[in-house]
$ cat input-v5.txt   # compact mmCIF, C-alpha atoms (C1' of nucleotides)
# COMPACT_ATOMS: atom_id res chain seq x y z
CA MET A 1 -36.70 -14.09 -2.82
CA ILE A 2 -33.81 -11.71 -2.80
CA ASP A 3 -34.93 -8.17 -2.52
CA TRP A 4 -33.71 -5.36 -4.69
CA ASN A 5 -31.00 -4.44 -2.24
CA LEU A 6 -27.37 -3.68 -2.86
CA PHE A 7 -26.16 -5.52 0.23
CA SER A 8 -28.13 -8.72 0.57
CA THR A 9 -26.86 -10.31 -2.60
CA PRO A 10 -23.25 -11.26 -3.32
CA ALA A 11 -22.74 -9.57 -6.68
CA PRO A 12 -22.62 -5.92 -5.53
CA LEU A 13 -20.56 -6.84 -2.48
CA ILE A 14 -18.10 -8.66 -4.71
CA ASN A 15 -17.95 -5.78 -7.14
CA MET A 16 -17.22 -3.34 -4.32
CA ALA A 17 -14.53 -5.56 -2.86
CA ALA A 18 -12.90 -6.10 -6.24
CA ARG A 19 -12.69 -2.36 -6.86
CA ALA A 20 -11.39 -1.70 -3.37
CA PHE A 21 -8.70 -4.37 -3.81
CA ALA A 22 -7.75 -2.87 -7.16
CA ARG A 23 -7.51 0.67 -5.81
CA LEU A 24 -5.37 -0.45 -2.87
CA GLY A 25 -3.27 -2.74 -5.00
CA ASP A 26 -2.58 -0.07 -7.58
CA ARG A 27 -1.67 2.38 -4.84
CA GLN A 28 0.77 -0.03 -3.22
CA LEU A 29 2.32 -1.36 -6.40
CA LYS A 30 2.64 1.99 -8.14
CA GLY A 31 5.96 2.83 -6.50
CA MET A 32 7.42 -0.37 -7.87
CA GLY A 33 6.18 0.25 -11.39
CA PHE A 34 3.44 -2.37 -11.35
CA GLY A 35 -0.33 -2.35 -11.56
CA VAL A 36 -2.94 -4.91 -10.57
CA GLY A 37 -3.34 -6.09 -14.15
CA HIS A 38 0.26 -7.26 -14.06
CA LEU A 39 -0.27 -9.62 -11.15
CA PRO A 40 -1.43 -12.75 -12.99
CA VAL A 41 1.49 -12.33 -15.38
CA LEU A 42 3.97 -11.86 -12.55
CA TYR A 43 2.54 -14.91 -10.84
CA LEU A 44 2.59 -17.16 -13.89
CA LEU A 45 6.10 -16.16 -14.95
CA ARG A 46 7.54 -15.84 -11.45
CA ASP A 47 10.12 -18.58 -11.87
CA GLY A 48 11.52 -17.17 -15.10
CA ALA A 49 9.34 -19.34 -17.31
CA ALA A 50 8.30 -18.28 -20.81
CA MET A 51 4.84 -18.95 -22.18
CA PRO A 52 2.67 -17.82 -25.06
CA GLN A 53 0.09 -15.08 -24.62
CA LYS A 54 -2.68 -17.59 -25.08
CA GLU A 55 -1.64 -19.54 -22.00
CA LEU A 56 -1.29 -16.41 -19.92
CA ALA A 57 -4.80 -15.34 -20.88
CA ARG A 58 -6.22 -18.77 -20.15
CA PHE A 59 -4.69 -19.05 -16.68
CA ALA A 60 -5.52 -15.43 -15.80
CA LYS A 61 -9.08 -15.97 -17.07
CA VAL A 62 -9.08 -12.84 -19.17
CA GLU A 63 -9.88 -12.65 -22.86
CA GLN A 64 -7.01 -12.77 -25.31
CA PRO A 65 -7.21 -9.08 -26.33
CA SER A 66 -7.11 -8.04 -22.67
CA MET A 67 -3.93 -10.00 -22.13
CA ALA A 68 -2.49 -8.66 -25.40
CA GLN A 69 -2.99 -5.09 -24.17
CA THR A 70 -1.62 -5.81 -20.73
CA LEU A 71 1.48 -7.41 -22.24
CA ALA A 72 1.89 -4.49 -24.65
CA ARG A 73 1.90 -2.07 -21.71
CA MET A 74 4.27 -4.28 -19.74
CA GLU A 75 6.60 -4.55 -22.71
CA ARG A 76 6.50 -0.79 -23.18
CA ASP A 77 7.49 -0.45 -19.51
CA GLY A 78 10.30 -2.96 -19.77
CA LEU A 79 8.63 -5.62 -17.64
CA VAL A 80 8.29 -8.43 -20.16
CA ARG A 81 10.11 -9.57 -23.24
CA ARG A 82 8.77 -11.56 -26.20
CA VAL A 83 10.82 -13.92 -28.28
CA PRO A 84 9.41 -15.64 -31.37
CA ASP A 85 8.38 -19.22 -30.71
CA PRO A 86 10.78 -21.37 -32.75
CA ASN A 87 8.09 -24.02 -33.17
CA ASP A 88 5.23 -21.74 -34.20
CA GLY A 89 5.59 -18.67 -36.36
CA ARG A 90 2.33 -17.19 -35.08
CA SER A 91 3.34 -17.20 -31.47
CA SER A 92 5.77 -15.48 -29.16
CA LEU A 93 7.04 -16.69 -25.83
CA VAL A 94 6.65 -14.12 -23.09
CA SER A 95 8.91 -13.91 -20.06
CA LEU A 96 9.69 -11.38 -17.36
CA THR A 97 12.73 -9.16 -17.75
CA ALA A 98 15.45 -9.46 -15.13
CA GLU A 99 14.31 -6.19 -13.56
CA ALA A 100 10.71 -7.38 -13.19
CA LEU A 101 11.80 -10.79 -11.96
CA ALA A 102 13.96 -9.20 -9.30
CA LYS A 103 10.98 -7.33 -7.90
CA THR A 104 8.58 -10.25 -7.58
CA PRO A 105 9.54 -11.09 -3.97
CA ALA A 106 8.78 -7.53 -2.89
CA VAL A 107 5.47 -7.62 -4.74
CA ARG A 108 4.62 -10.86 -3.02
CA GLU A 109 5.36 -9.36 0.38
CA ILE A 110 3.24 -6.29 -0.31
CA LEU A 111 0.33 -8.45 -1.39
CA ARG A 112 0.71 -10.66 1.65
CA GLN A 113 0.52 -7.66 3.94
CA GLY A 114 -2.46 -6.20 2.10
CA SER A 115 -4.32 -9.48 2.21
CA GLU A 116 -3.58 -9.83 5.92
CA GLN A 117 -4.91 -6.36 6.62
CA ALA A 118 -8.01 -6.90 4.51
CA LEU A 119 -8.71 -10.06 6.49
CA ALA A 120 -8.10 -8.50 9.90
CA GLY A 121 -10.41 -10.10 12.42
CA PHE A 122 -11.03 -13.18 10.29
CA SER A 123 -10.22 -16.57 11.78
CA GLN A 124 -8.40 -19.06 9.59
CA ASP A 125 -11.64 -20.99 9.32
CA GLU A 126 -13.49 -17.92 8.14
CA VAL A 127 -10.90 -17.25 5.46
CA ALA A 128 -11.09 -20.86 4.34
CA THR A 129 -14.89 -20.69 4.28
CA LEU A 130 -14.84 -17.48 2.26
CA CYS A 131 -12.43 -18.93 -0.29
CA ALA A 132 -14.41 -22.17 -0.57
CA LEU A 133 -17.68 -20.31 -1.15
CA LEU A 134 -16.03 -18.03 -3.72
CA GLN A 135 -14.60 -21.03 -5.53
CA ARG A 136 -18.04 -22.62 -5.73
CA LEU A 137 -19.50 -19.35 -6.93
CA ASN A 138 -16.81 -19.05 -9.60
CA ARG A 139 -17.54 -22.58 -10.79
CA ASN A 140 -21.21 -21.68 -11.21
CA LEU A 141 -20.32 -18.48 -13.04
CA ASP A 142 -18.03 -20.39 -15.37
CA LEU A 143 -20.86 -22.76 -16.20
CA MET A 144 -23.20 -19.85 -16.88
CA ALA A 145 -20.67 -18.35 -19.28
CA VAL A 146 -20.49 -21.55 -21.27
CA GLU A 147 -24.25 -22.15 -21.52
CA GLU A 148 -25.35 -20.93 -24.97
CA MET B 1 1.45 -17.55 5.82
CA ILE B 2 -0.51 -17.37 2.63
CA ASP B 3 1.33 -18.82 -0.26
CA TRP B 4 1.76 -17.14 -3.57
CA ASN B 5 -1.26 -18.87 -5.00
CA LEU B 6 -4.10 -17.45 -7.03
CA PHE B 7 -6.76 -19.53 -5.31
CA SER B 8 -5.99 -19.61 -1.61
CA THR B 9 -6.50 -15.92 -1.02
CA PRO B 10 -9.76 -14.02 -1.51
CA ALA B 11 -8.59 -11.16 -3.72
CA PRO B 12 -8.07 -13.06 -6.97
CA LEU B 13 -11.23 -15.11 -6.41
CA ILE B 14 -13.18 -11.91 -5.87
CA ASN B 15 -11.67 -10.31 -8.94
CA MET B 16 -12.61 -13.32 -11.06
CA ALA B 17 -16.13 -13.38 -9.71
CA ALA B 18 -16.59 -9.66 -10.24
CA ARG B 19 -15.53 -9.91 -13.87
CA ALA B 20 -17.70 -12.96 -14.45
CA PHE B 21 -20.70 -11.17 -12.97
CA ALA B 22 -19.99 -8.13 -15.13
CA ARG B 23 -19.68 -10.19 -18.32
CA LEU B 24 -22.91 -12.04 -17.62
CA GLY B 25 -24.71 -8.92 -16.51
CA ASP B 26 -23.69 -6.99 -19.59
CA ARG B 27 -24.76 -9.87 -21.79
CA GLN B 28 -28.17 -10.11 -20.19
CA LEU B 29 -28.85 -6.39 -19.92
CA LYS B 30 -27.60 -5.50 -23.38
CA GLY B 31 -30.90 -6.30 -25.07
CA MET B 32 -32.65 -3.82 -22.79
CA GLY B 33 -30.13 -1.07 -23.43
CA PHE B 34 -28.44 -1.23 -20.06
CA GLY B 35 -24.97 -2.10 -18.79
CA VAL B 36 -23.70 -3.12 -15.38
CA GLY B 37 -22.44 0.39 -14.65
CA HIS B 38 -26.03 1.59 -14.79
CA LEU B 39 -27.21 -0.69 -12.01
CA PRO B 40 -26.42 1.45 -8.97
CA VAL B 41 -28.10 4.39 -10.69
CA LEU B 42 -31.17 2.33 -11.58
CA TYR B 43 -31.31 1.08 -8.02
CA LEU B 44 -30.95 4.47 -6.38
CA LEU B 45 -33.46 6.20 -8.66
CA ARG B 46 -35.86 3.26 -8.97
CA ASP B 47 -38.81 5.05 -7.38
CA GLY B 48 -38.58 8.10 -9.63
CA ALA B 49 -36.46 10.08 -7.17
CA ALA B 50 -34.03 12.78 -8.28
CA MET B 51 -30.66 13.24 -6.64
CA PRO B 52 -27.40 15.04 -7.33
CA GLN B 53 -24.47 13.26 -8.93
CA LYS B 54 -22.53 13.52 -5.69
CA GLU B 55 -25.05 11.41 -3.80
CA LEU B 56 -25.21 8.82 -6.57
CA ALA B 57 -21.43 8.48 -6.48
CA ARG B 58 -21.38 8.23 -2.71
CA PHE B 59 -24.00 5.49 -2.50
CA ALA B 60 -22.56 3.58 -5.45
CA LYS B 61 -19.09 3.89 -3.91
CA VAL B 62 -17.48 5.07 -7.10
CA GLU B 63 -15.44 8.24 -7.51
CA GLN B 64 -17.19 11.35 -8.72
CA PRO B 65 -15.63 11.35 -12.21
CA SER B 66 -16.69 7.73 -12.72
CA MET B 67 -20.28 8.60 -11.91
CA ALA B 68 -20.06 11.70 -14.10
CA GLN B 69 -19.04 9.58 -17.07
CA THR B 70 -21.66 6.92 -16.41
CA LEU B 71 -24.37 9.58 -16.21
CA ALA B 72 -23.09 11.22 -19.38
CA ARG B 73 -23.42 7.92 -21.22
CA MET B 74 -26.84 7.28 -19.72
CA GLU B 75 -28.00 10.76 -20.68
CA ARG B 76 -26.68 10.25 -24.20
CA ASP B 77 -28.72 7.03 -24.36
CA GLY B 78 -31.88 8.66 -23.03
CA LEU B 79 -31.85 6.85 -19.69
CA VAL B 80 -31.47 9.78 -17.31
CA ARG B 81 -32.38 13.44 -17.32
CA ARG B 82 -30.72 16.30 -15.42
CA VAL B 83 -32.52 19.37 -14.22
CA PRO B 84 -30.66 22.26 -12.57
CA ASP B 85 -30.98 22.23 -8.80
CA PRO B 86 -33.07 25.32 -7.95
CA ASN B 87 -31.27 25.59 -4.61
CA ASP B 88 -27.70 25.21 -5.85
CA GLY B 89 -26.41 26.55 -9.13
CA ARG B 90 -23.50 24.12 -9.15
CA SER B 91 -25.64 21.04 -9.02
CA SER B 92 -28.12 19.15 -11.15
CA LEU B 93 -30.75 16.71 -10.00
CA VAL B 94 -30.59 13.42 -11.87
CA SER B 95 -33.60 11.20 -12.43
CA LEU B 96 -34.51 8.29 -14.67
CA THR B 97 -36.47 8.96 -17.83
CA ALA B 98 -39.89 7.35 -18.12
CA GLU B 99 -38.48 4.79 -20.55
CA ALA B 100 -35.73 3.73 -18.16
CA LEU B 101 -38.08 3.71 -15.20
CA ALA B 102 -40.48 1.45 -17.06
CA LYS B 103 -37.75 -1.13 -17.58
CA THR B 104 -36.53 -1.39 -13.99
CA PRO B 105 -38.87 -4.27 -13.05
CA ALA B 106 -37.57 -6.36 -15.95
CA VAL B 107 -33.98 -5.53 -14.97
CA ARG B 108 -34.71 -6.59 -11.43
CA GLU B 109 -36.11 -9.90 -12.60
CA ILE B 110 -33.12 -10.60 -14.83
CA LEU B 111 -30.76 -9.89 -11.97
CA ARG B 112 -32.76 -12.07 -9.61
CA GLN B 113 -32.54 -14.98 -12.02
CA GLY B 114 -28.83 -14.45 -12.60
CA SER B 115 -28.12 -14.30 -8.89
CA GLU B 116 -30.15 -17.45 -8.32
CA GLN B 117 -28.23 -19.31 -10.98
CA ALA B 118 -24.88 -18.09 -9.70
CA LEU B 119 -25.82 -19.37 -6.26
CA ALA B 120 -27.10 -22.74 -7.44
CA GLY B 121 -26.34 -25.34 -4.80
CA PHE B 122 -25.91 -22.78 -2.02
CA SER B 123 -28.09 -23.11 1.05
CA GLN B 124 -29.68 -19.96 2.44
CA ASP B 125 -27.22 -20.16 5.30
CA GLU B 126 -24.29 -20.32 2.94
CA VAL B 127 -25.51 -17.27 1.03
CA ALA B 128 -25.96 -15.41 4.29
CA THR B 129 -22.49 -16.44 5.44
CA LEU B 130 -20.94 -15.34 2.17
CA CYS B 131 -22.64 -11.95 2.34
CA ALA B 132 -21.67 -11.45 5.97
CA LEU B 133 -18.03 -12.29 5.30
CA LEU B 134 -17.99 -9.99 2.26
CA GLN B 135 -19.48 -7.18 4.29
CA ARG B 136 -16.78 -7.56 6.93
CA LEU B 137 -14.14 -7.65 4.22
CA ASN B 138 -15.55 -4.49 2.66
CA ARG B 139 -15.47 -2.73 6.01
CA ASN B 140 -11.79 -3.60 6.38
CA LEU B 141 -11.07 -2.42 2.85
CA ASP B 142 -12.87 0.86 3.52
CA LEU B 143 -10.69 1.40 6.57
CA MET B 144 -7.56 0.67 4.57
CA ALA B 145 -8.58 3.24 1.98
CA VAL B 146 -8.95 5.93 4.60
CA GLU B 147 -5.64 5.27 6.33
CA GLU B 148 -3.31 7.79 4.72
C1' DG C 1 -0.13 -29.70 -53.40
C1' DT C 2 -3.81 -26.42 -53.32
C1' DT C 3 -7.81 -25.18 -50.67
C1' DT C 4 -10.03 -24.78 -46.33
C1' DA C 5 -10.29 -24.63 -41.47
C1' DT C 6 -8.19 -23.61 -37.26
C1' DT C 7 -5.35 -21.05 -34.27
C1' DA C 8 -2.29 -17.11 -32.30
C1' DT C 9 -2.06 -12.30 -32.23
C1' DA C 10 -3.43 -7.78 -33.36
C1' DT C 11 -6.61 -3.98 -33.90
C1' DA C 12 -10.89 -1.24 -33.44
C1' DG C 13 -14.21 0.50 -30.57
C1' DG C 14 -16.22 1.12 -26.26
C1' DA C 15 -17.55 0.60 -21.06
C1' DT C 16 -16.08 1.19 -16.51
C1' DC C 17 -13.12 2.53 -13.35
C1' DC C 18 -9.18 5.40 -11.39
C1' DT C 19 -6.11 9.86 -10.11
C1' DA C 20 -5.20 14.58 -10.79
C1' DT C 21 -6.73 18.91 -11.96
C1' DA C 22 -9.76 22.79 -13.73
C1' DT C 23 -13.99 25.53 -13.32
C1' DA C 24 -17.71 27.71 -11.31
C1' DA C 25 -20.98 28.47 -7.71
C1' DA C 26 -21.70 29.03 -2.77
C1' DC C 27 -20.23 30.02 1.71
C1' DC C 28 -17.73 32.48 5.23
C1' DA C 29 -14.88 35.64 7.44
C1' DA C 30 -12.99 40.23 7.91
C1' DT D 1 -18.94 43.49 0.23
C1' DT D 2 -14.70 41.47 -0.99
C1' DG D 3 -11.46 37.71 -0.83
C1' DG D 4 -10.41 33.06 0.43
C1' DT D 5 -12.22 28.43 1.08
C1' DT D 6 -15.15 24.76 0.21
C1' DT D 7 -17.98 22.11 -2.80
C1' DA D 8 -20.32 20.22 -7.25
C1' DT D 9 -19.16 19.09 -11.79
C1' DA D 10 -16.28 18.68 -15.65
C1' DT D 11 -12.17 17.36 -18.16
C1' DA D 12 -7.72 15.08 -19.17
C1' DG D 13 -5.24 11.04 -19.27
C1' DG D 14 -4.73 6.30 -18.56
C1' DA D 15 -5.48 1.22 -16.90
C1' DT D 16 -8.20 -2.76 -17.35
C1' DC D 17 -11.55 -5.18 -19.18
C1' DC D 18 -14.95 -6.57 -22.89
C1' DT D 19 -16.91 -7.96 -27.90
C1' DA D 20 -16.16 -8.20 -32.69
C1' DT D 21 -13.18 -8.57 -36.34
C1' DA D 22 -8.77 -8.70 -39.16
C1' DT D 23 -4.33 -10.94 -40.20
C1' DA D 24 -1.08 -14.34 -40.63
C1' DA D 25 0.66 -18.92 -39.93
C1' DT D 26 -0.28 -23.74 -39.11
C1' DA D 27 -2.90 -27.86 -39.85
C1' DA D 28 -6.17 -30.70 -42.14
C1' DA D 29 -8.69 -32.35 -46.20
C1' DC D 30 -9.23 -33.28 -50.72

$ encode --input "input-v5.txt" --output "structure tokens"
Amino acid sequence: MIDWNLFSTPAPLINMAARAFARLGDRQLKGMGFGVGHLPVLYLLRDGAAMPQKELARFAKVEQPSMAQTLARMERDGLVRRVPDPNDGRSSLVSLTAEALAKTPAVREILRQGSEQALAGFSQDEVATLCALLQRLNRNLDLMAVEE
Amino acid sequence: MIDWNLFSTPAPLINMAARAFARLGDRQLKGMGFGVGHLPVLYLLRDGAAMPQKELARFAKVEQPSMAQTLARMERDGLVRRVPDPNDGRSSLVSLTAEALAKTPAVREILRQGSEQALAGFSQDEVATLCALLQRLNRNLDLMAVEE
DNA sequence: GTTTATTATATAGGATCCTATATAAACCAA
DNA sequence: TTGGTTTATATAGGATCCTATATAATAAAC
């Protein structure tokens, strides 16, 4: 029986960590013109690929309107470009601009350093354990979202 | 060397889990007139206590303006009440209304069930390990936030 | 081939969070 | 006591996410 305690149950701990990661990430990426919401897009289009909004939303696990807004902000800031899909008049193919693409290695390095610092004192086994437990948790949460 | 992969590093897994928890929580609490942002407030004021906004923000680990907005929405919805602090003219003491207070046991039960379902298949040891690792991670993140 | 259903985006409205800054009360030092 | 600092809230502006719904183009059915 879990007690009504903010620290003995994973959800509040995960919420705190997610907000801390977002604050730090925004702070570190700000100078380069990025925000944490851009990261899944940068990751998915890192090799210069183009893909429709729908795919980006699916891989990033955000709802379609969330991705639409993120892409609108990124387009406004010159980070992505949309070209009409020649095979589907409803769809556009999104890709990073040359400027954004050029910055992805630096973003990657910043994230690597941040992750390293956040995991200071963790053994490789502990990191692997944490990731494995989080993956199992995410699978359960995905199932709960589907049910009814 | 972590690779540029969304699933081998804790941050994206934590972000996904946090959003999944928030979606589920909002869905389950909606019928009772609550949202996930209310939870730290409900927890901290669960015994009928009154405390200033500053304390609520500190314990919930959100910035003061975030707590101010959450309380404004909760006051608008009749969930909290503010009375001027007799000892400090700048401050108000926030407490739950009788209606909100009456619902906290049901909220607690809904959260308990949700947590149980999210942790389906986890042994008690695994839950404890996950919480311990998350607590260590949060301590590191707190340190990183302080550093300049 | 027209009608209907599905699918890709867009828009509306709102919750939750953030940073930066303004305001007002309280405290403290001269 | 007055003037400067600290402290509690409030406000402004914006990012990220959500649900619900509208629009437009494709696909499927008849």

$ residues_near_point --input "input-v5.txt" --point "(-10.8, -13.7, -2.1)" --cutoff "12 Å" --atoms "only C-alpha atoms (C1' of nucleotides)" --output "VMD selection string"
(chain A and resid 13 to 15 17 to 18 21 114 to 116 118 to 119 126 to 135 137 to 138) or (chain B and resid 2 5 to 18 130 133 to 134 137 to 138)

$ interface_residues --input "input-v5.txt" --of "chain D" --to "chain B" --cutoff "10 Å" --atoms "only C-alpha atoms (C1' of nucleotides)" --output "list in words"
DT7, DA8, DT9, DA10, DT11, DC17 and DC18 of chain D

$ write_last_selection --input "input-v5.txt" --atoms "C-alpha atoms (C1' of nucleotides)" --output "PDB file, keeping the file's coordinate frame"
ATOM      1  C1'  DT D   7     -17.980  22.110  -2.800  1.00  0.00           C
ATOM      2  C1'  DA D   8     -20.320  20.220  -7.250  1.00  0.00           C
ATOM      3  C1'  DT D   9     -19.160  19.090 -11.790  1.00  0.00           C
ATOM      4  C1'  DA D  10     -16.280  18.680 -15.650  1.00  0.00           C
ATOM      5  C1'  DT D  11     -12.170  17.360 -18.160  1.00  0.00           C
ATOM      6  C1'  DC D  17     -11.550  -5.180 -19.180  1.00  0.00           C
ATOM      7  C1'  DC D  18     -14.950  -6.570 -22.890  1.00  0.00           C
TER       8       DC D  18
END

$ residues_around --input "input-v5.txt" --residues "DT21 (chain D)" --least-positions-apart "2" --cutoff "12 Å" --atoms "all atoms listed in the file" --output "ChimeraX atom specification"
/A:65 /C:10-13 /D:19,23

$ atom_distance --input "input-v5.txt" --atom1 "CA of Ala145 (chain B)" --atom2 "CA of Leu39 (chain B)"
23.6 Å

$ residues_near_point --input "input-v5.txt" --point "(-35.1, 10.2, -14.6)" --cutoff "6 Å" --atoms "all atoms listed in the file" --output "MDAnalysis selection string"
chainID B and resid 80:81 95:97

$ atom_distance --input "input-v5.txt" --atom1 "CA of Val107 (chain A)" --atom2 "CA of Lys61 (chain B)"
27.1 Å

$ closest_residue --input "input-v5.txt" --among "B:Met51, B:Val62, B:Leu141, B:Val36" --to "chain A" --atoms "all atoms listed in the file"
B:Leu141

$ closest_residue --input "input-v5.txt" --among "A:Ala72, A:Ala100, A:Met144, A:Ala49" --to "chain C" --atoms "only C-alpha atoms (C1' of nucleotides)"
A:Ala72

$ closest_atom_pairs --input "input-v5.txt" --of "chain C" --to "chain B" --cutoff "12 Å" --atoms "all atoms listed in the file" --output "Markdown table"
| residue | atom | partner | partner_atom | distance |
| --- | --- | --- | --- | --- |
| C:DG14 | C1' | B:Arg73 | CA | 11.1 |
| C:DA15 | C1' | B:Gly37 | CA | 8.1 |
| C:DT16 | C1' | B:Gly37 | CA | 6.7 |
| C:DC17 | C1' | B:Ser66 | CA | 6.3 |
| C:DC18 | C1' | B:Glu63 | CA | 7.9 |
| C:DT19 | C1' | B:Glu63 | CA | 9.8 |
| C:DA20 | C1' | B:Pro65 | CA | 11.0 |
| C:DT21 | C1' | B:Pro65 | CA | 11.7 |
| C:DT23 | C1' | B:Arg90 | CA | 10.5 |
| C:DA24 | C1' | B:Arg90 | CA | 7.1 |
| C:DA25 | C1' | B:Arg90 | CA | 5.2 |
| C:DA26 | C1' | B:Asp88 | CA | 7.8 |
| C:DC27 | C1' | B:Asp88 | CA | 11.7 |

$ closest_residue --input "input-v5.txt" --among "B:Gln117, B:Leu42, B:Glu99, B:Glu147" --to "chain A" --atoms "all atoms listed in the file"
B:Gln117

$ decode --input "input-v5.txt" --residues "region 40-53 of chain B" --atoms "N, CA and C atoms" --output "PDB file, in the first residue's frame"
ATOM      1  N   PRO B  40       0.036  18.607  -5.919  1.00  0.00           N
ATOM      2  CA  PRO B  40       0.887  18.998  -4.793  1.00  0.00           C
ATOM      3  C   PRO B  40       0.126  19.855  -3.785  1.00  0.00           C
ATOM      4  N   VAL B  41      -0.772  20.688  -4.260  1.00  0.00           N
ATOM      5  CA  VAL B  41      -1.548  21.531  -3.345  1.00  0.00           C
ATOM      6  C   VAL B  41      -2.476  20.672  -2.497  1.00  0.00           C
ATOM      7  N   LEU B  42      -3.157  19.736  -3.151  1.00  0.00           N
ATOM      8  CA  LEU B  42      -4.049  18.838  -2.399  1.00  0.00           C
ATOM      9  C   LEU B  42      -3.267  18.055  -1.355  1.00  0.00           C
ATOM     10  N   TYR B  43      -2.071  17.620  -1.760  1.00  0.00           N
ATOM     11  CA  TYR B  43      -1.249  16.854  -0.823  1.00  0.00           C
ATOM     12  C   TYR B  43      -0.819  17.714   0.368  1.00  0.00           C
ATOM     13  N   LEU B  44      -0.338  18.891   0.088  1.00  0.00           N
ATOM     14  CA  LEU B  44       0.228  19.721   1.157  1.00  0.00           C
ATOM     15  C   LEU B  44      -0.836  20.277   2.098  1.00  0.00           C
ATOM     16  N   LEU B  45      -2.053  20.422   1.591  1.00  0.00           N
ATOM     17  CA  LEU B  45      -3.122  20.994   2.425  1.00  0.00           C
ATOM     18  C   LEU B  45      -4.152  19.941   2.824  1.00  0.00           C
ATOM     19  N   ARG B  46      -3.785  18.668   2.698  1.00  0.00           N
ATOM     20  CA  ARG B  46      -4.751  17.571   2.853  1.00  0.00           C
ATOM     21  C   ARG B  46      -5.389  17.496   4.236  1.00  0.00           C
ATOM     22  N   ASP B  47      -4.698  17.996   5.254  1.00  0.00           N
ATOM     23  CA  ASP B  47      -5.250  17.901   6.608  1.00  0.00           C
ATOM     24  C   ASP B  47      -5.948  19.190   7.033  1.00  0.00           C
ATOM     25  N   GLY B  48      -6.280  20.043   6.065  1.00  0.00           N
ATOM     26  CA  GLY B  48      -6.976  21.277   6.405  1.00  0.00           C
ATOM     27  C   GLY B  48      -6.043  22.422   6.766  1.00  0.00           C
ATOM     28  N   ALA B  49      -4.753  22.198   6.641  1.00  0.00           N
ATOM     29  CA  ALA B  49      -3.779  23.241   6.987  1.00  0.00           C
ATOM     30  C   ALA B  49      -3.901  24.436   6.049  1.00  0.00           C
ATOM     31  N   ALA B  50      -3.352  25.566   6.486  1.00  0.00           N
ATOM     32  CA  ALA B  50      -3.268  26.765   5.660  1.00  0.00           C
ATOM     33  C   ALA B  50      -1.803  27.147   5.577  1.00  0.00           C
ATOM     34  N   MET B  51      -1.349  27.475   4.370  1.00  0.00           N
ATOM     35  CA  MET B  51       0.043  27.927   4.268  1.00  0.00           C
ATOM     36  C   MET B  51       0.174  28.938   3.152  1.00  0.00           C
ATOM     37  N   PRO B  52       1.209  29.767   3.227  1.00  0.00           N
ATOM     38  CA  PRO B  52       1.386  30.799   2.201  1.00  0.00           C
ATOM     39  C   PRO B  52       1.816  30.178   0.877  1.00  0.00           C
ATOM     40  N   GLN B  53       1.526  30.899  -0.186  1.00  0.00           N
ATOM     41  CA  GLN B  53       1.875  30.477  -1.538  1.00  0.00           C
ATOM     42  C   GLN B  53       3.347  30.080  -1.647  1.00  0.00           C
TER      43      GLN B  53
END
